[in-house]
Each structure stands twice: as C-alpha cells, then as structure tokens.
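K.L.:
So I've got this file, entry.csv, and it contains CSV, C-alpha atoms and all ligand atoms:
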```csv
chain,number,residue,atom,x,y,z
A,1,MET,CA,4.5,-13.7,-94.4
A,2,PRO,CA,5.0,-16.3,-91.7
A,3,PRO,CA,7.4,-19.1,-92.5
A,4,ILE,CA,5.9,-22.2,-94.2
A,5,LEU,CA,8.0,-24.3,-91.7
A,6,SER,CA,8.9,-23.3,-88.3
A,7,VAL,CA,11.1,-25.5,-86.1
A,8,ARG,CA,11.5,-24.2,-82.5
A,9,ALA,CA,14.0,-25.5,-80.0
A,10,VAL,CA,13.5,-29.1,-81.3
A,11,ALA,CA,15.5,-31.7,-79.4
A,12,LYS,CA,15.5,-35.4,-79.6
A,13,THR,CA,17.0,-38.0,-77.3
A,14,TYR,CA,16.3,-41.6,-78.5
A,15,LYS,CA,15.2,-44.3,-76.1
A,16,ASN,CA,18.8,-45.6,-75.7
A,17,GLY,CA,19.8,-42.2,-74.3
A,18,PHE,CA,21.4,-41.0,-77.5
A,19,THR,CA,20.8,-37.3,-78.2
A,20,ALA,CA,20.5,-36.8,-81.9
A,21,LEU,CA,19.2,-33.2,-81.9
A,22,ARG,CA,19.9,-30.3,-79.5
A,23,ALA,CA,17.5,-27.4,-79.5
A,24,VAL,CA,17.3,-26.8,-83.3
A,25,ASP,CA,15.7,-23.6,-84.5
A,26,LEU,CA,14.9,-23.1,-88.2
A,27,ALA,CA,12.5,-21.1,-90.2
A,28,ILE,CA,11.9,-21.9,-93.9
A,29,GLU,CA,10.1,-19.5,-96.2
A,30,LYS,CA,7.6,-20.5,-98.8
A,31,GLY,CA,9.0,-21.3,-102.1
A,32,GLU,CA,12.6,-21.8,-100.9
A,33,ILE,CA,14.9,-24.6,-101.8
A,34,PHE,CA,16.8,-25.4,-98.6
A,35,ALA,CA,19.6,-27.8,-98.3
A,36,LEU,CA,20.4,-29.4,-94.9
A,37,LEU,CA,24.0,-30.4,-95.1
A,38,GLY,CA,25.9,-32.6,-92.7
A,39,PRO,CA,28.0,-35.6,-92.2
A,40,ASN,CA,26.7,-39.1,-91.5
A,41,GLY,CA,24.9,-39.2,-88.2
A,42,ALA,CA,24.5,-35.4,-87.9
A,43,GLY,CA,20.8,-35.6,-87.3
A,44,LYS,CA,19.4,-34.7,-90.7
A,45,THR,CA,17.0,-37.7,-91.0
A,46,THR,CA,16.0,-37.3,-87.4
A,47,LEU,CA,14.9,-33.7,-88.0
A,48,ILE,CA,13.0,-34.6,-91.2
A,49,SER,CA,11.3,-37.5,-89.5
A,50,ILE,CA,10.2,-35.3,-86.7
A,51,VAL,CA,8.7,-32.8,-89.1
A,52,CYS,CA,7.0,-35.6,-91.0
A,53,GLY,CA,5.7,-37.2,-87.8
A,54,THR,CA,7.5,-40.5,-88.0
A,55,VAL,CA,9.7,-39.7,-85.0
A,56,THR,CA,8.4,-37.9,-81.9
A,57,MET,CA,10.5,-35.0,-80.6
A,58,THR,CA,11.6,-35.0,-77.0
A,59,SER,CA,10.9,-31.2,-76.7
A,60,GLY,CA,10.2,-28.3,-78.9
A,61,GLN,CA,7.6,-27.3,-81.4
A,62,VAL,CA,7.1,-27.6,-85.2
A,63,LEU,CA,4.6,-25.6,-87.2
A,64,VAL,CA,3.8,-26.5,-90.8
A,65,ASP,CA,2.0,-23.7,-92.5
A,66,GLY,CA,0.9,-22.6,-89.0
A,67,HIS,CA,-0.3,-26.1,-88.0
A,68,ASP,CA,1.3,-27.6,-84.9
A,69,ILE,CA,2.7,-31.0,-85.9
A,70,ALA,CA,1.8,-32.5,-82.4
A,71,ARG,CA,-1.7,-30.9,-81.9
A,72,ASP,CA,-2.9,-30.8,-85.5
A,73,TYR,CA,-1.0,-33.7,-87.1
A,74,ARG,CA,-3.3,-34.4,-90.0
A,75,ALA,CA,-3.5,-30.9,-91.2
A,76,ALA,CA,0.3,-30.5,-90.8
A,77,ARG,CA,1.1,-33.8,-92.5
A,78,SER,CA,-1.2,-33.3,-95.5
A,79,ARG,CA,1.0,-30.3,-96.4
A,80,ILE,CA,4.1,-32.4,-96.6
A,81,GLY,CA,5.5,-34.8,-99.1
A,82,LEU,CA,8.4,-37.0,-98.1
A,83,VAL,CA,10.8,-39.0,-100.3
A,84,PRO,CA,12.7,-41.1,-97.8
A,85,GLN,CA,16.2,-42.5,-98.3
A,86,GLU,CA,15.0,-46.1,-98.5
A,87,ILE,CA,12.7,-47.3,-101.2
A,88,ALA,CA,9.5,-48.7,-99.8
A,89,LEU,CA,6.9,-49.7,-102.3
A,90,ASP,CA,4.2,-52.3,-102.9
A,91,ILE,CA,6.1,-54.2,-105.5
A,92,PHE,CA,3.0,-55.9,-107.0
A,93,ALA,CA,1.0,-52.7,-107.5
A,94,THR,CA,1.1,-50.8,-110.8
A,95,VAL,CA,2.8,-47.4,-110.9
A,96,TRP,CA,-0.6,-45.7,-111.6
A,97,ASN,CA,-2.3,-47.4,-108.7
A,98,THR,CA,0.6,-46.8,-106.3
A,99,VAL,CA,0.6,-43.1,-106.9
A,100,SER,CA,-3.2,-42.7,-107.0
A,101,PHE,CA,-3.5,-44.7,-103.8
A,102,SER,CA,-1.0,-42.5,-102.0
A,103,ARG,CA,-3.1,-39.4,-102.9
A,104,GLY,CA,-6.2,-41.2,-101.5
A,105,LEU,CA,-4.4,-41.7,-98.2
A,106,PHE,CA,-4.4,-38.0,-97.6
A,107,GLY,CA,-8.1,-37.8,-98.2
A,108,LYS,CA,-7.7,-36.0,-101.6
A,109,ARG,CA,-10.2,-36.5,-104.3
A,110,PRO,CA,-8.9,-38.4,-107.4
A,111,ASN,CA,-7.3,-36.2,-110.0
A,112,PRO,CA,-6.2,-38.3,-112.9
A,113,ALA,CA,-5.0,-35.2,-114.9
A,114,TYR,CA,-2.7,-34.3,-112.1
A,115,ILE,CA,-1.4,-37.8,-111.7
A,116,GLU,CA,-0.8,-37.9,-115.4
A,117,SER,CA,1.2,-34.7,-115.4
A,118,LEU,CA,3.3,-36.0,-112.5
A,119,LEU,CA,4.1,-39.2,-114.2
A,120,ARG,CA,5.0,-37.4,-117.4
A,121,ASP,CA,7.3,-35.0,-115.5
A,122,LEU,CA,9.0,-37.9,-114.0
A,123,SER,CA,9.3,-39.9,-117.2
A,124,LEU,CA,7.1,-42.6,-115.8
A,125,TRP,CA,4.1,-42.2,-118.1
A,126,ASP,CA,5.1,-45.1,-120.3
A,127,LYS,CA,5.4,-47.3,-117.2
A,128,ARG,CA,2.1,-46.4,-115.7
A,129,ASN,CA,0.7,-49.9,-116.2
A,130,SER,CA,3.9,-51.7,-115.1
A,131,ARG,CA,4.1,-53.3,-111.8
A,132,VAL,CA,6.7,-51.8,-109.4
A,133,ILE,CA,8.6,-55.2,-109.4
A,134,GLU,CA,9.3,-54.7,-113.1
A,135,LEU,CA,11.0,-51.4,-112.7
A,136,SER,CA,14.7,-50.5,-112.4
A,137,GLY,CA,16.1,-49.0,-109.2
A,138,GLY,CA,16.1,-45.5,-110.7
A,139,MET,CA,12.5,-45.8,-111.8
A,140,LYS,CA,11.4,-47.0,-108.4
A,141,ARG,CA,13.0,-43.8,-107.0
A,142,ARG,CA,10.9,-41.8,-109.5
A,143,VAL,CA,7.8,-43.6,-108.2
A,144,MET,CA,8.8,-42.6,-104.7
A,145,ILE,CA,8.9,-39.0,-105.8
A,146,ALA,CA,5.6,-39.3,-107.6
A,147,LYS,CA,4.0,-40.8,-104.5
A,148,ALA,CA,5.4,-38.0,-102.3
A,149,LEU,CA,3.9,-35.4,-104.7
A,150,SER,CA,0.6,-37.2,-105.2
A,151,HIS,CA,-1.4,-35.1,-102.7
A,152,GLU,CA,0.0,-31.8,-104.0
A,153,PRO,CA,2.0,-30.9,-100.8
A,154,ASP,CA,3.3,-27.4,-100.1
A,155,ILE,CA,6.6,-28.8,-98.8
A,156,LEU,CA,8.6,-31.6,-100.3
A,157,PHE,CA,11.3,-33.3,-98.3
A,158,LEU,CA,14.0,-35.1,-100.2
A,159,ASP,CA,16.2,-37.2,-98.0
A,160,GLU,CA,19.5,-37.8,-99.8
A,161,PRO,CA,17.9,-37.6,-103.2
A,162,THR,CA,20.9,-38.3,-105.3
A,163,ALA,CA,22.6,-41.1,-103.4
A,164,GLY,CA,23.1,-43.9,-105.9
A,165,VAL,CA,21.2,-42.1,-108.6
A,166,ASP,CA,22.4,-41.8,-112.2
A,167,VAL,CA,23.0,-38.6,-114.1
A,168,GLY,CA,19.7,-38.7,-116.0
A,169,LEU,CA,17.6,-39.1,-112.9
A,170,ARG,CA,19.6,-36.4,-111.1
A,171,ARG,CA,19.0,-34.0,-114.0
A,172,ASP,CA,15.3,-34.8,-114.1
A,173,MET,CA,15.1,-34.4,-110.4
A,174,TRP,CA,16.6,-30.9,-110.4
A,175,THR,CA,14.4,-29.9,-113.3
A,176,LEU,CA,11.4,-31.1,-111.3
A,177,VAL,CA,12.6,-29.3,-108.2
A,178,ARG,CA,12.9,-26.0,-110.1
A,179,LYS,CA,9.4,-26.5,-111.6
A,180,LEU,CA,8.0,-27.2,-108.2
A,181,ARG,CA,9.6,-24.1,-106.8
A,182,ASP,CA,8.1,-22.0,-109.6
A,183,LYS,CA,4.7,-23.3,-108.5
A,184,GLY,CA,5.5,-22.1,-104.9
A,185,VAL,CA,6.4,-25.5,-103.5
A,186,THR,CA,9.1,-25.4,-100.8
A,187,VAL,CA,11.8,-28.0,-101.2
A,188,ILE,CA,14.0,-29.2,-98.4
A,189,LEU,CA,16.7,-31.7,-99.2
A,190,THR,CA,19.4,-33.3,-97.2
A,191,THR,CA,22.8,-34.1,-98.6
A,192,HIS,CA,26.4,-34.8,-97.9
A,193,TYR,CA,27.5,-33.0,-101.0
A,194,ILE,CA,28.3,-29.3,-101.1
A,195,GLU,CA,28.1,-29.4,-104.9
A,196,GLU,CA,24.5,-30.5,-104.7
A,197,ALA,CA,23.6,-27.6,-102.3
A,198,GLU,CA,25.6,-25.2,-104.5
A,199,GLU,CA,23.7,-26.3,-107.6
A,200,MET,CA,20.2,-26.2,-106.2
A,201,ALA,CA,19.7,-24.5,-102.9
A,202,ASP,CA,18.8,-20.9,-102.1
A,203,ARG,CA,20.0,-21.4,-98.5
A,204,VAL,CA,22.0,-24.0,-96.7
A,205,GLY,CA,21.9,-25.2,-93.1
A,206,VAL,CA,24.9,-27.0,-91.8
A,207,ILE,CA,24.2,-29.5,-89.1
A,208,ASP,CA,26.6,-31.6,-87.1
A,209,ASP,CA,26.3,-33.6,-84.0
A,210,GLY,CA,22.7,-32.6,-83.6
A,211,ARG,CA,23.4,-28.8,-83.7
A,212,LEU,CA,22.5,-26.5,-86.5
A,213,LEU,CA,25.8,-24.7,-86.8
A,214,LEU,CA,24.8,-22.2,-89.4
A,215,VAL,CA,22.1,-21.2,-91.8
A,216,GLU,CA,23.3,-19.1,-94.7
A,217,GLU,CA,22.5,-18.1,-98.3
A,218,THR,CA,24.2,-20.5,-100.6
A,219,THR,CA,26.1,-17.7,-102.3
A,220,HIS,CA,27.6,-16.5,-99.0
A,221,LEU,CA,28.7,-20.0,-98.1
A,222,MET,CA,30.3,-20.5,-101.4
A,223,ARG,CA,32.2,-17.4,-101.0
A,224,LYS,CA,33.6,-18.9,-97.8
A,225,LEU,CA,34.3,-22.0,-99.8
A,226,GLY,CA,36.2,-19.8,-102.2
A,227,LYS,CA,39.0,-20.0,-99.7
A,228,ARG,CA,41.9,-22.1,-100.9
A,229,ARG,CA,44.8,-23.6,-99.0
A,230,LEU,CA,48.4,-23.6,-100.0
A,231,THR,CA,50.3,-26.4,-98.3
A,232,LEU,CA,54.1,-26.2,-98.1
A,233,ALA,CA,56.0,-29.4,-97.3
A,234,LEU,CA,58.9,-28.0,-95.3
A,235,GLN,CA,62.5,-29.0,-95.8
A,236,HIS,CA,63.1,-28.9,-92.1
A,237,PRO,CA,60.4,-29.3,-89.4
A,238,MET,CA,59.4,-26.2,-87.5
A,239,GLU,CA,58.3,-25.9,-83.8
A,240,ALA,CA,56.3,-22.8,-84.3
A,241,ILE,CA,55.5,-20.2,-86.8
A,242,PRO,CA,58.1,-17.4,-86.6
A,243,PRO,CA,56.7,-14.3,-84.9
A,244,GLU,CA,57.5,-12.2,-88.1
A,245,LEU,CA,54.9,-14.2,-90.0
A,246,ALA,CA,52.2,-13.8,-87.3
A,247,GLY,CA,50.2,-11.4,-89.5
A,248,TRP,CA,49.7,-14.1,-92.1
A,249,SER,CA,46.9,-16.6,-92.1
A,250,LEU,CA,49.3,-19.5,-91.5
A,251,GLU,CA,48.9,-22.8,-89.6
A,252,LEU,CA,51.5,-25.3,-88.8
A,253,GLU,CA,50.3,-28.9,-88.9
A,254,ALA,CA,50.9,-31.0,-85.8
A,255,ASP,CA,53.8,-32.8,-87.5
A,256,GLY,CA,55.7,-29.5,-87.8
A,257,GLN,CA,56.4,-30.4,-91.4
A,258,HIS,CA,53.6,-28.7,-93.3
A,259,LEU,CA,52.8,-25.1,-93.3
A,260,VAL,CA,49.3,-24.2,-94.5
A,261,TYR,CA,48.4,-20.8,-95.9
A,262,SER,CA,44.7,-20.0,-96.4
A,263,PHE,CA,43.9,-17.4,-99.0
A,264,ASP,CA,41.0,-16.0,-100.9
A,265,ALA,CA,41.0,-17.5,-104.4
A,266,ASN,CA,38.8,-14.7,-105.7
A,267,ALA,CA,41.1,-11.9,-104.5
A,268,GLU,CA,43.2,-10.0,-107.0
A,269,ASP,CA,46.3,-10.4,-104.8
A,270,THR,CA,46.4,-13.8,-103.1
A,271,GLY,CA,49.6,-12.9,-101.2
A,272,ILE,CA,51.4,-16.0,-102.3
A,273,PRO,CA,54.4,-14.4,-104.1
A,274,THR,CA,55.1,-12.1,-101.1
A,275,LEU,CA,54.7,-15.0,-98.6
A,276,LEU,CA,57.1,-17.1,-100.6
A,277,ARG,CA,59.6,-14.3,-100.7
A,278,ARG,CA,59.3,-13.8,-96.9
A,279,LEU,CA,59.8,-17.4,-96.3
A,280,GLY,CA,62.9,-17.3,-98.5
A,281,GLU,CA,64.3,-14.4,-96.6
A,282,LYS,CA,63.8,-16.3,-93.3
A,283,GLY,CA,65.6,-19.3,-94.8
A,284,ILE,CA,62.5,-21.5,-94.6
A,285,ASP,CA,62.8,-23.9,-97.5
A,286,PHE,CA,60.2,-26.2,-98.8
A,287,LYS,CA,60.4,-29.3,-100.9
A,288,ASP,CA,56.9,-29.3,-102.4
A,289,LEU,CA,53.7,-27.3,-102.5
A,290,ASP,CA,50.2,-28.0,-103.2
A,291,THR,CA,46.9,-26.0,-103.3
A,292,SER,CA,43.4,-27.2,-102.6
A,293,ARG,CA,40.0,-25.8,-102.1
A,294,SER,CA,38.9,-25.8,-98.5
A,295,SER,CA,36.4,-28.7,-98.3
A,296,LEU,CA,33.1,-28.9,-96.5
A,297,GLU,CA,35.1,-30.9,-94.0
A,298,ASP,CA,37.3,-27.9,-93.2
A,299,ILE,CA,34.2,-25.8,-92.8
A,300,PHE,CA,32.8,-28.3,-90.4
A,301,VAL,CA,36.0,-28.4,-88.4
A,302,SER,CA,36.2,-24.7,-88.1
A,303,LEU,CA,32.5,-24.4,-87.2
A,304,VAL,CA,32.7,-27.1,-84.6
A,305,GLU,CA,35.8,-25.6,-83.1
A,306,ARG,CA,34.0,-22.2,-82.9
A,307,ALA,CA,30.9,-23.9,-81.4
A,308,ALA,CA,33.0,-25.7,-78.8
B,1,LIG,N1,16.0,-45.1,-83.4
B,1,LIG,C1,17.2,-44.7,-83.0
B,1,LIG,N2,17.7,-45.0,-81.8
B,1,LIG,C2,18.9,-44.6,-81.4
B,1,LIG,N3,19.7,-43.8,-82.1
B,1,LIG,C3,19.3,-43.4,-83.3
B,1,LIG,C4,18.0,-43.8,-83.9
B,1,LIG,N4,17.9,-43.3,-85.1
B,1,LIG,C5,19.0,-42.6,-85.3
B,1,LIG,N5,19.9,-42.6,-84.3
B,1,LIG,C6,21.2,-42.0,-84.1
B,1,LIG,O1,21.0,-40.6,-84.2
B,1,LIG,C7,22.1,-40.0,-84.9
B,1,LIG,C8,21.5,-39.1,-86.1
B,1,LIG,O2,21.0,-40.0,-87.0
B,1,LIG,P1,20.3,-39.5,-88.4
B,1,LIG,O3,19.8,-40.6,-89.1
B,1,LIG,O4,19.4,-38.4,-88.0
B,1,LIG,O5,21.6,-38.8,-89.1
B,1,LIG,P2,21.8,-38.3,-90.6
B,1,LIG,O6,22.4,-36.9,-90.5
B,1,LIG,O7,20.5,-38.4,-91.3
B,1,LIG,O8,22.9,-39.3,-91.1
B,1,LIG,P3,23.1,-39.9,-92.6
B,1,LIG,O9,23.7,-38.9,-93.4
B,1,LIG,O10,24.0,-41.0,-92.3
B,1,LIG,O11,21.7,-40.4,-93.1
B,1,LIG,C9,23.0,-41.1,-85.4
B,1,LIG,O12,24.1,-41.2,-84.5
B,1,LIG,C10,22.1,-42.3,-85.3
B,1,LIG,O13,22.9,-43.5,-85.0
```
Can I see the file as structure tokens?
P.N.:
Amino acid sequence: MPPILSVRAVAKTYKNGFTALRAVDLAIEKGEIFALLGPNGAGKTTLISIVCGTVTMTSGQVLVDGHDIARDYRAARSRIGLVPQEIALDIFATVWNTVSFSRGLFGKRPNPAYIESLLRDLSLWDKRNSRVIELSGGMKRRVMIAKALSHEPDILFLDEPTAGVDVGLRRDMWTLVRKLRDKGVTVILTTHYIEEAEEMADRVGVIDDGRLLLVEETTHLMRKLGKRRLTLALQHPMEAIPPELAGWSLELEADGQHLVYSFDANAEDTGIPTLLRRLGEKGIDFKDLDTSRSSLEDIFVSLVERAA
C-alpha cells in the first residue's frame, strides 16, 4: 500500500534567508502514530505547516493520499486535520457552531451525529452551547481538536499537543488518539518529550537543524535509550584515558576530572564491577560516582556528531 503521506526532498528557506528544512524525506503509513521529535527551532512546525499548506516549500514534493499538495491542494488538504500549537478560535461562537462550521469549510455535508460523538469523546458535550469565551484553556484546546477532526480527516497533525496541558486532558487525548488509530486515522505529533513519543508512537523521527536524523521504530529507539552513563568524579584529573582501558566505552570530559562509562542497563553484566576493579588496579581513584539515563539530548549530540 502506498504511504498515506509522502514527503520527498522537502526544503525550506524563509524569505530572510534562513534555511529551516534541508531535503527531508519521510513516508508515513496509514494508521501509524508517528512522533516527530526535536529541540526548539528544529523545523517541526515548518514541516507540518508545509504539509498543511500554510507555508510554501522552497523545493520538494508532498503527496497526501496520493494528492500533490501543490497541484491538488484542496483534495490533499481535505484529508488533513491540524491542531496547531496556538489556540485560534472565534471566542463569541458556541462550541457546537465552531465545530460544525469547520466541517462546512471543507465542503462536507452536516453530520450532527458525528459532531455529537466527537464532542462526547472530547468531554465537550455539556459545553456544546457555551461560547468559547466562557471555556477554560484546556477546554479551548479540546475545541481545537474537535475542529481539526470535524471533517473526518485521514491524517491528524498534533503540534506539541501536551504543552501546558493538564493530566486529564493528556489522558483523554491519548485515549482519543488510540481510538482514531483503531479507525485507521494516521496521527502525526510533534514533541520535545521522549516520554510522550515512548508512550504513544509506533515510530519516531528525530529532527534537528532542519535535518531528519533518523526514523526508527519506537521500541528500537528506546533500546538505545536504555543506555546508561556512569560518571566518576576523579580524585586527580587525567590527561587521557590510559591505553589499557581503550577497549572500554569510556569518555573523558573536557575538564579531565570526570570519566564517563556508557553501558547497557538491560544487559546481564553491565561491566561496572570489572571496570571499577581495573581502575583500582591502575591507581585511578574517584571521589564520587553517579549514574544517569542517556537523555534525548545525548542522542541528539551523538547523531549530530555522526551527521557532521
Ligand atoms: N516565518 C519565518 N521566517 C524566518 N524564519 C522562520 C520563520 N518561521 C520559522 N522560522 C525559523 O525556522 C526554524 C524552525 O522553526 P520551527 O517553528 O519549524 O521549529 P520547531 O521545531 O517547530 O520549534 P519549536 O519546538 O520551538 O516549536 C527556527 O529557527 C525559526 O526561527
């Protein structure tokens, strides 16, 4: 089956000369939950905006369910629902009217039963006759989601869905996402949080500085994240790692005072006791030690280093 979304060599240079995306290739299968992970300014929103037609790409091609976003914009756009980062709503309209109106914008026939089920799923049914201005921030976010789903899209984009959102809404959102997936809707979300991707996504794409550095199944990526770091604060600074320890996955920090050992937390033998013994034999003393999980930041750093 052809991918529901195909992004081919998409690049974007903004008018001020800033290049936000560099030849991004990505194929998303129908029914996937895909997380686009990256730090601030990586290019996530730019990519989503191009697919949704609010930003024009400098070069490349995007196909949504086979429809070219440039040549066949209406057909492509009607298959997409977008929940942007910023809340943008007509504050004087009622919830019901806002959501129904959105559906109409896509040329879809009214379907009150569908709108009702949507509002119920998002715990908005009781508020259907309230004006947006009367709603809390979390409820406004729910309305944004209802609007994005009002025309029954095949792909839902959630741009930073859980930024500033409380636990209740977060849980409801994930329940809804799973329900949508079960109906065959593809969900693409952007996030800074590896936990969010871990919880939800089938696959993860890591983007940094406009480059898609990797696309991997979440379980594989988490295995990589299963790496832990043991940091030893040395009694006496070292200039270099002794050659006898070359076979170990050790790094000396720039200050020469911290020795970092990376190990697989899932392995039966982490190697730590042997390493500590070897260090003792070599007379390398330490005053403190600390273990931590390698963070997404570490993964970025190693990926960027490899990409450079
Ligand atoms: N209209 C614009 N003109 C010039 N540069 C822009 C414009 N919009 C975005 N950028 C720049 O492009 C880069 C990517 O921005 P983008 O919003 O896509 O990042 P992001 O990954 O979504 O970040 P965040 O996680 O902070 O939302 C940033 O450096 C941003 O400043």
K.L.:
Write out as a tab-separated table the residues of chain A that have any atom within 9 Å of an atom of ligand LIG 1 (chain B), one row each with the nearest atom pair and its distance in Å to one decimal, counting only C-alpha atoms and all ligand atoms, sorted by chain and then rising number.
P.N.:
```
residue	atom	partner	partner_atom	distance
A:Lys12	CA	B:LIG1	O1	8.9
A:Thr13	CA	B:LIG1	N3	8.0
A:Tyr14	CA	B:LIG1	C2	4.9
A:Lys15	CA	B:LIG1	N2	6.3
A:Asn16	CA	B:LIG1	C2	5.8
A:Gly17	CA	B:LIG1	C2	7.5
A:Phe18	CA	B:LIG1	N3	5.6
A:Thr19	CA	B:LIG1	O1	6.9
A:Ala20	CA	B:LIG1	O1	4.5
A:Leu21	CA	B:LIG1	C8	7.6
A:Leu36	CA	B:LIG1	O6	8.9
A:Leu37	CA	B:LIG1	O6	8.1
A:Gly38	CA	B:LIG1	O6	6.0
A:Pro39	CA	B:LIG1	O9	5.6
A:Asn40	CA	B:LIG1	O10	3.4
A:Gly41	CA	B:LIG1	O5	3.4
A:Ala42	CA	B:LIG1	O6	3.7
A:Gly43	CA	B:LIG1	O4	3.2
A:Lys44	CA	B:LIG1	O6	3.7
A:Thr45	CA	B:LIG1	O7	3.6
A:Thr46	CA	B:LIG1	O4	3.6
A:Leu47	CA	B:LIG1	O4	6.5
A:Ile48	CA	B:LIG1	O4	8.1
A:Ser49	CA	B:LIG1	O4	8.3
A:Val55	CA	B:LIG1	N1	8.5
A:Gln85	CA	B:LIG1	O11	7.9
A:Asp159	CA	B:LIG1	O11	8.0
A:Glu160	CA	B:LIG1	O11	7.5
A:Thr190	CA	B:LIG1	O7	7.9
A:Thr191	CA	B:LIG1	O9	7.1
A:His192	CA	B:LIG1	O9	6.7
A:Ile207	CA	B:LIG1	O6	7.7
A:Asp208	CA	B:LIG1	O6	7.6
A:Asp209	CA	B:LIG1	C8	7.6
A:Gly210	CA	B:LIG1	C8	7.1
```
K.L.:
Within 7 Å of A:Ala148, counting only C-alpha atoms, which residues qualify if same-chain residues fewer than 2 places away don't, as a PyMOL selection string?
P.N.:
chain A and resi 81-83+144-146+150
K.L.:
Give as a list in words the set of residues within 10 Å of the point (7.0, -22.3, -78.4), where distances use the file's coordinates and only C-alpha atoms.
P.N.:
Val7, Arg8, Ala9, Val10, Ser59, Gly60, Gln61, Val62 and Leu63 of chain A
K.L.:
Just want the 9 Å neighbourhood of A:Gly53, counted on only C-alpha atoms, with same-chain residues fewer than 3 positions away dropped. Output as a VMD selection string.
P.N.:
chain A and resid 48 to 50 56 to 57 69 to 70 73 77
K.L.:
Residues at most 12 Å from A:Asp166, counting only C-alpha atoms, excluding those fewer than 6 positions away in the same chain, as a list in words?
P.N.:
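Returned residues: Ser136, Gly137, Gly138, Met139, Arg141, Arg142, Asp172 and Met173 of chain A.
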K.L.:
Name the closest residue to A:Ile115 among the candidates A:Arg131, A:Leu149, A:Leu213, A:Leu230; distances are taken between atoms, counting all atoms listed in the file.
P.N.:
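Of the candidates, the smallest distance to A:Ile115 is held by A:Leu149.
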K.L.:
List the neighbours of A:Arg229 out to 7 Å using only C-alpha atoms; skip same-chain residues closer than 3 positions along the sequence, and give me the result as a JSON list (two decimals) with C-alpha atoms, in the frame of the given file.
P.N.:
```
[["chain", "number", "residue", "atom", "x", "y", "z"],
["A", 260, "VAL", "CA", 49.30, -24.20, -94.50],
["A", 261, "TYR", "CA", 48.40, -20.80, -95.90],
["A", 262, "SER", "CA", 44.70, -20.00, -96.40],
["A", 263, "PHE", "CA", 43.90, -17.40, -99.00],
["A", 291, "THR", "CA", 46.90, -26.00, -103.30],
["A", 292, "SER", "CA", 43.40, -27.20, -102.60],
["A", 293, "ARG", "CA", 40.00, -25.80, -102.10],
["A", 294, "SER", "CA", 38.90, -25.80, -98.50]]
```
K.L.:
What is the atom CA of A:Leu279-atom CA of A:Ala265 distance in Å, reported with one decimal?
P.N.:
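Value for the atom CA of A:Leu279-atom CA of A:Ala265 distance: 20.5 Å.
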K.L.:
What is the atom CA of A:Phe92-atom CA of A:Ile133 distance in Å, reported with one decimal?
P.N.:
6.1 Å
K.L.:
Find, counting all atoms listed in the file, the residue in A:Val51, A:Ala113, A:Leu252, A:Val177 that gets nearest to A:Met200.
P.N.:
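Selected residue with least distance to A:Met200: A:Val177.
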K.L.:
So which residues touch A:Leu276 within 12 Å, counting only C-alpha atoms, skipping near sequence neighbours fewer than 6 positions away, as a PyMOL selection string?
P.N.:
chain A and resi 230-232+245+248+259+261+270+282-286+289
K.L.:
Ranking A:Leu122, A:Val132, A:Ile194, A:Ala76 by minimum distance to A:Val95 and counting all atoms listed in the file, which one comes first?
P.N.:
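Checking each of A:Leu122, A:Val132, A:Ile194, A:Ala76 against A:Val95, counting all atoms listed in the file, the winner is A:Val132.
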